[in-house]
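Student: Below you'll find the structure I mean.
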Amino acid sequence: MNNPNASGSRIVGWGSDLPEKVLTNQDLADGGLDTSDEWIFERTGIRQRHVGGKTGEMSTNAGRKALEVAGVTGADIDLVIVATSTPDQLMPGTSATVHSELGIRGGACDMQAVCSGFSYALIAANGLIQTGLDRVLVIGADSLSPYVEWDNRSSAILFGDGAGAVVLERHSEETLLSFDLGADGDSRHIGFTDHGGKITMDGKEVFRTAVRAVTKSAQQAIDGAGLTAADIDWFVPHQANVRIIEAIASRVGIPMERAIVTIQDTANNSAATIPVALDTAVRDDRVQPGDTLLLGGFGFGMTWASAVMKWDPRD
Ligand code: ACO
């Protein structure tokens, strides 16, 4: 398994899955929520969300697509990591479902860093490849809809379900140029869900903390790569509120034309937002080989993670 000539990793497969059922802003207003499509779109950038997905099923679907793009099967995967805060069961991890459904040969574990989970898992997978693994399937998936308080207009408008996946493979060059990880456990009260409970948050405080933390983290990751904001071809941020994305992009110095925004179609599906946005932008040909990407996530905890990557998929 060890290849002494290889020192890094690169993404060679990608995929995403969103449940078929769509709830538009208008559906929420028609259903009795005291809100409007205009208010939600202006304040968040969201038009609709996908609901009714099971984390294991969406993870499997997204993972299968990523394996297909990579041209590998589960037998070629050393480890699957499912980043999620909404596992189908408390035990075992949702990665067990994916392991079984996709015939993964190697290990399986879940990671819980809420909406930053995919970025944390990607960075961890890169480290594991540096220490010996050949190929890791990294999935970000969440089914938030069962935890949404649907009659609370301050939070019901924000969330949805989905999954995104990548295959990270050993490579002779390092494409993960730099990363920054952080957390502030003292802020865990500003967003949480108790066992059996619903999503509870202080939206304004989450907004402020996210902008402050991700701006600093993104700048550190860019500096760590020896680059400037002008070198970033695409900012692939966590999709929680388009105004959060705009605030971070402007502070870091990245024009919004270079930010991948998918929130209008998906709302915030937590650990899935970054891999879903990446998959979308690769499939619509915005992201091209040789591009430099900045991934930036944050989530309840609060947790945050940024990564600067060269996009260098196999032919
Ligand atoms: N429709 C209409 N009016 C509304 C709605 C709504 N859906 N929601 C709130 N309002 C009203 C409020 O009642 C308030 O009215 P008032 O002035 O009469 O009191 C007014 O609109 C302004 O409300 P604010 O809360 O100040 O609105 P704000 O611009 O802060 O937007 C929001 C609220 C969208 C929640 C924003 O703060 C936000 O996006 N925060 C970040 C939340 C987030 O990202 N959470 C997920 C984190 S990631 C994770 O780990 C899961």
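By order of appearance in the structure tokens: chains A, B, ..., then residues from 1 within every chain, and ligands from 1 in the order shown.
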Need to verify the contact set: range 185-198 of chain A, 8 Å, only C-alpha atoms, exclusion of same-chain residues closer than 5 positions in sequence. Can you return it as a compact mmCIF listing (two decimals) with N, CA and C atoms, in the first residue's frame?

Tutor:
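And here's around.txt as it stands now:
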# COMPACT_ATOMS: atom_id res chain seq x y z
N PRO A 146 -35.72 16.56 9.22
CA PRO A 146 -36.45 16.07 10.41
C PRO A 146 -36.18 16.91 11.67
N TYR A 147 -35.12 17.71 11.64
CA TYR A 147 -34.74 18.50 12.82
C TYR A 147 -35.15 19.96 12.70
N VAL A 148 -35.87 20.29 11.63
CA VAL A 148 -36.29 21.68 11.42
C VAL A 148 -37.63 21.91 12.14
N GLU A 149 -37.70 23.05 12.83
CA GLU A 149 -38.95 23.45 13.47
C GLU A 149 -39.73 24.20 12.39
N GLY A 203 -29.45 33.17 15.25
CA GLY A 203 -29.04 33.38 13.85
C GLY A 203 -28.07 34.53 13.68
N GLU A 205 -25.99 35.80 15.87
CA GLU A 205 -24.68 35.50 16.46
C GLU A 205 -23.92 34.50 15.59
N VAL A 206 -24.65 33.52 15.02
CA VAL A 206 -24.01 32.57 14.11
C VAL A 206 -23.44 33.35 12.92
N PHE A 300 -21.97 24.77 13.50
CA PHE A 300 -22.20 24.85 14.94
C PHE A 300 -21.01 24.22 15.65
N GLY A 301 -20.75 24.73 16.82
CA GLY A 301 -19.61 24.22 17.59
C GLY A 301 -18.98 25.29 18.47
N MET A 302 -18.64 26.42 17.77
CA MET A 302 -18.50 26.63 16.33
C MET A 302 -17.22 25.94 15.85
N THR A 303 -17.28 25.46 14.62
CA THR A 303 -16.12 24.87 13.98
C THR A 303 -15.92 25.58 12.65

Student: Where does chain A meet ligand 1 within 7 Å, residue by residue, with the nearest atom pair and distance in Å to one decimal for each, counting only C-alpha atoms and all ligand atoms, listed by chain and rising number, as CSV?

Tutor:
residue,atom,partner,partner_atom_place_in_ligand_line,distance
A:Asp34,CA,ligand 1,1 (N),6.1
A:Thr35,CA,ligand 1,1 (N),3.6
A:Ser36,CA,ligand 1,1 (N),5.9
A:Trp39,CA,ligand 1,1 (N),5.5
A:Ile40,CA,ligand 1,7 (N),5.7
A:Arg43,CA,ligand 1,29 (O),5.6
A:Thr44,CA,ligand 1,34 (C),5.6
A:Val114,CA,ligand 1,50 (O),5.2
A:Cys115,CA,ligand 1,50 (O),4.7
A:Arg153,CA,ligand 1,7 (N),4.2
A:Ser154,CA,ligand 1,8 (N),4.0
A:Ser155,CA,ligand 1,35 (C),6.0
A:Ile157,CA,ligand 1,7 (N),5.9
A:Gly191,CA,ligand 1,50 (O),6.9
A:Met201,CA,ligand 1,45 (N),6.9
A:Gly203,CA,ligand 1,40 (N),3.8
A:Lys204,CA,ligand 1,37 (O),4.1
A:Val206,CA,ligand 1,41 (C),5.1
A:Phe207,CA,ligand 1,41 (C),4.3
A:Ala240,CA,ligand 1,44 (O),4.4
A:Asn241,CA,ligand 1,39 (O),5.1
A:Ser270,CA,ligand 1,51 (C),5.5
A:Phe298,CA,ligand 1,48 (S),6.3
A:Gly299,CA,ligand 1,50 (O),3.2
A:Phe300,CA,ligand 1,50 (O),3.8

Student: What's around Ile11 in chain A at 7 Å? Count only C-alpha atoms, leave out sequence neighbours fewer than 5 positions away in its own chain, and write the answer as a PyMOL selection string.

Tutor: chain A and resi 166-169+313

Student: Take the residues just selected and output them with N, CA and C atoms as a PDB file, in the first residue's frame.

Tutor:
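Printed below is result_0.pdb as written:
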ATOM      1  N   VAL A 166     -16.363  12.945  -2.704  1.00  0.00           N
ATOM      2  CA  VAL A 166     -15.183  12.959  -3.572  1.00  0.00           C
ATOM      3  C   VAL A 166     -14.353  11.711  -3.285  1.00  0.00           C
ATOM      4  N   VAL A 167     -13.606  11.286  -4.311  1.00  0.00           N
ATOM      5  CA  VAL A 167     -12.588  10.245  -4.119  1.00  0.00           C
ATOM      6  C   VAL A 167     -11.242  10.957  -4.100  1.00  0.00           C
ATOM      7  N   LEU A 168     -10.524  10.790  -2.997  1.00  0.00           N
ATOM      8  CA  LEU A 168      -9.193  11.385  -2.852  1.00  0.00           C
ATOM      9  C   LEU A 168      -8.168  10.273  -3.040  1.00  0.00           C
ATOM     10  N   GLU A 169      -7.213  10.496  -3.937  1.00  0.00           N
ATOM     11  CA  GLU A 169      -6.281   9.426  -4.316  1.00  0.00           C
ATOM     12  C   GLU A 169      -4.840   9.900  -4.173  1.00  0.00           C
ATOM     13  N   PRO A 313      -7.535  16.888 -11.549  1.00  0.00           N
ATOM     14  CA  PRO A 313      -8.091  15.538 -11.648  1.00  0.00           C
ATOM     15  C   PRO A 313      -7.354  14.729 -12.703  1.00  0.00           C
TER      16      PRO A 313
END

Student: Can you work out the spacing between CA of Asp285 in chain A and CA of Ala272 in chain A in Å, to one decimal?

Tutor: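 Separation between CA of Asp285 in chain A and CA of Ala272 in chain A: 20.0 Å.
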
Student: Excluding Ala259 in chain A and any residue of its chain fewer than 6 positions from it, enumerate the residues within 8 Å of it, using only C-alpha atoms, and give them as a ChimeraX atom specification.

Tutor: /A:234-237,249

Student: Here is a test: counting only C-alpha atoms, which residue of A:Arg49, A:Arg251, A:Lys310, A:Arg10 is nearest to Ala156 in chain A?

Tutor: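 Distance minimum relative to Ala156 in chain A lands on A:Arg49.
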
Student: Mind dumping a table of every range 121-189 of chain A residue within 10 Å of range 215-221 of chain A, with the nearest atom pair and its distance in Å to one decimal, using only C-alpha atoms, sorted by chain and rising number, as CSV?

Tutor:
residue,atom,partner,partner_atom,distance
A:Leu177,CA,A:Ala221,CA,8.5
A:Ser178,CA,A:Ala221,CA,5.5
A:Phe179,CA,A:Ala221,CA,5.0
A:Asp180,CA,A:Ala221,CA,5.5
A:Leu181,CA,A:Ser217,CA,7.4
A:Gly182,CA,A:Ser217,CA,7.7

Student: Would you kindly return, as a compact mmCIF listing (two decimals) with all heavy atoms, in the first residue's frame, each protein, DNA or RNA residue with an atom no farther than 8 Å from any atom of Gly106 in chain A, considering only C-alpha atoms and excluding same-chain residues fewer than 4 positions away?

Tutor:
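Wrote it out as result_22.txt, contents follow:
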# COMPACT_ATOMS: atom_id res chain seq x y z
N ALA A 75 -14.01 -1.82 -4.00
CA ALA A 75 -12.87 -2.70 -3.70
C ALA A 75 -11.55 -1.94 -3.74
O ALA A 75 -10.54 -2.42 -3.21
CB ALA A 75 -12.84 -3.85 -4.71
N ILE A 77 -11.19 1.12 -2.44
CA ILE A 77 -11.24 2.19 -1.42
C ILE A 77 -10.72 1.67 -0.07
O ILE A 77 -11.21 0.66 0.45
CB ILE A 77 -12.69 2.72 -1.27
CG1 ILE A 77 -13.19 3.33 -2.58
CG2 ILE A 77 -12.80 3.73 -0.13
CD1 ILE A 77 -12.48 4.59 -3.04
N ASP A 78 -9.73 2.37 0.48
CA ASP A 78 -9.13 1.98 1.75
C ASP A 78 -9.94 2.42 2.96
O ASP A 78 -9.83 1.84 4.05
CB ASP A 78 -7.72 2.59 1.89
CG ASP A 78 -6.78 2.05 0.83
OD1 ASP A 78 -6.81 0.83 0.59
OD2 ASP A 78 -6.05 2.86 0.23
N LEU A 79 -10.70 3.51 2.77
CA LEU A 79 -11.44 4.07 3.89
C LEU A 79 -12.58 4.93 3.35
O LEU A 79 -12.38 5.69 2.39
CB LEU A 79 -10.50 4.95 4.74
CG LEU A 79 -11.13 5.77 5.86
CD1 LEU A 79 -11.64 4.88 7.00
CD2 LEU A 79 -10.12 6.78 6.43
N VAL A 80 -13.76 4.83 3.96
CA VAL A 80 -14.83 5.79 3.67
C VAL A 80 -15.09 6.58 4.94
O VAL A 80 -15.22 6.01 6.02
CB VAL A 80 -16.12 5.11 3.14
CG1 VAL A 80 -16.64 4.01 4.06
CG2 VAL A 80 -17.21 6.16 2.91

Student: Residues of range 190-219 of chain A in alpha helix (DSSP H) according to DSSP, as a list in words?

Tutor: Gly203, Lys204, Glu205, Val206, Phe207, Arg208, Thr209, Ala210, Val211, Arg212, Ala213, Val214, Thr215, Lys216, Ser217, Ala218 and Gln219 of chain A

Student: Between CA of Thr97 in chain A and CA of Ala62 in chain A, what is the distance in Å, rounded to a tenth?

Tutor: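 Separation between CA of Thr97 in chain A and CA of Ala62 in chain A: 12.9 Å.
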
Student: In terms of the shortest atom-to-atom distance over only C-alpha atoms, which of A:Gly132, A:Gly127, A:Gly74, A:Gly45 is closest to Arg105 in chain A?

Tutor: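 Nearest to Arg105 in chain A: A:Gly74.
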
Student: Mind giving me the straight-line distance from CA of Gly63 in chain A to CA of Asp279 in chain A in Å, one decimal?

Tutor: 11.8 Å

Student: Please report, as a tab-separated table (two decimals) with C-alpha atoms, in the first residue's frame, each residue of range 4-126 of chain A to which DSSP assigns strand (DSSP E) when run on this structure's backbone.

Tutor:
chain	number	residue	atom	x	y	z
A	8	GLY	CA	0.32	13.95	-1.78
A	9	SER	CA	-3.24	13.41	-2.91
A	10	ARG	CA	-5.72	14.72	-5.44
A	11	ILE	CA	-9.46	14.51	-6.05
A	12	VAL	CA	-10.20	12.10	-8.92
A	13	GLY	CA	-13.94	11.58	-8.50
A	14	TRP	CA	-16.95	13.66	-7.43
A	15	GLY	CA	-20.71	13.35	-7.17
A	16	SER	CA	-23.78	14.58	-5.33
A	17	ASP	CA	-27.32	13.59	-4.51
A	22	VAL	CA	-38.52	20.17	-3.32
A	23	LEU	CA	-40.04	22.74	-0.98
A	24	THR	CA	-40.01	26.26	-2.41
A	48	GLN	CA	-35.94	26.27	-2.44
A	49	ARG	CA	-34.66	23.28	-0.45
A	50	HIS	CA	-34.70	19.50	-1.05
A	79	LEU	CA	-11.44	4.07	3.89
A	80	VAL	CA	-14.83	5.79	3.67
A	81	ILE	CA	-15.46	8.80	5.90
A	82	VAL	CA	-19.01	10.14	6.16
A	83	ALA	CA	-19.11	13.63	7.62
A	107	GLY	CA	-12.38	0.91	6.88
A	108	ALA	CA	-15.41	3.07	7.63
A	109	CYS	CA	-16.01	5.89	10.10
A	110	ASP	CA	-18.18	8.97	10.60
A	111	MET	CA	-16.97	12.47	11.41
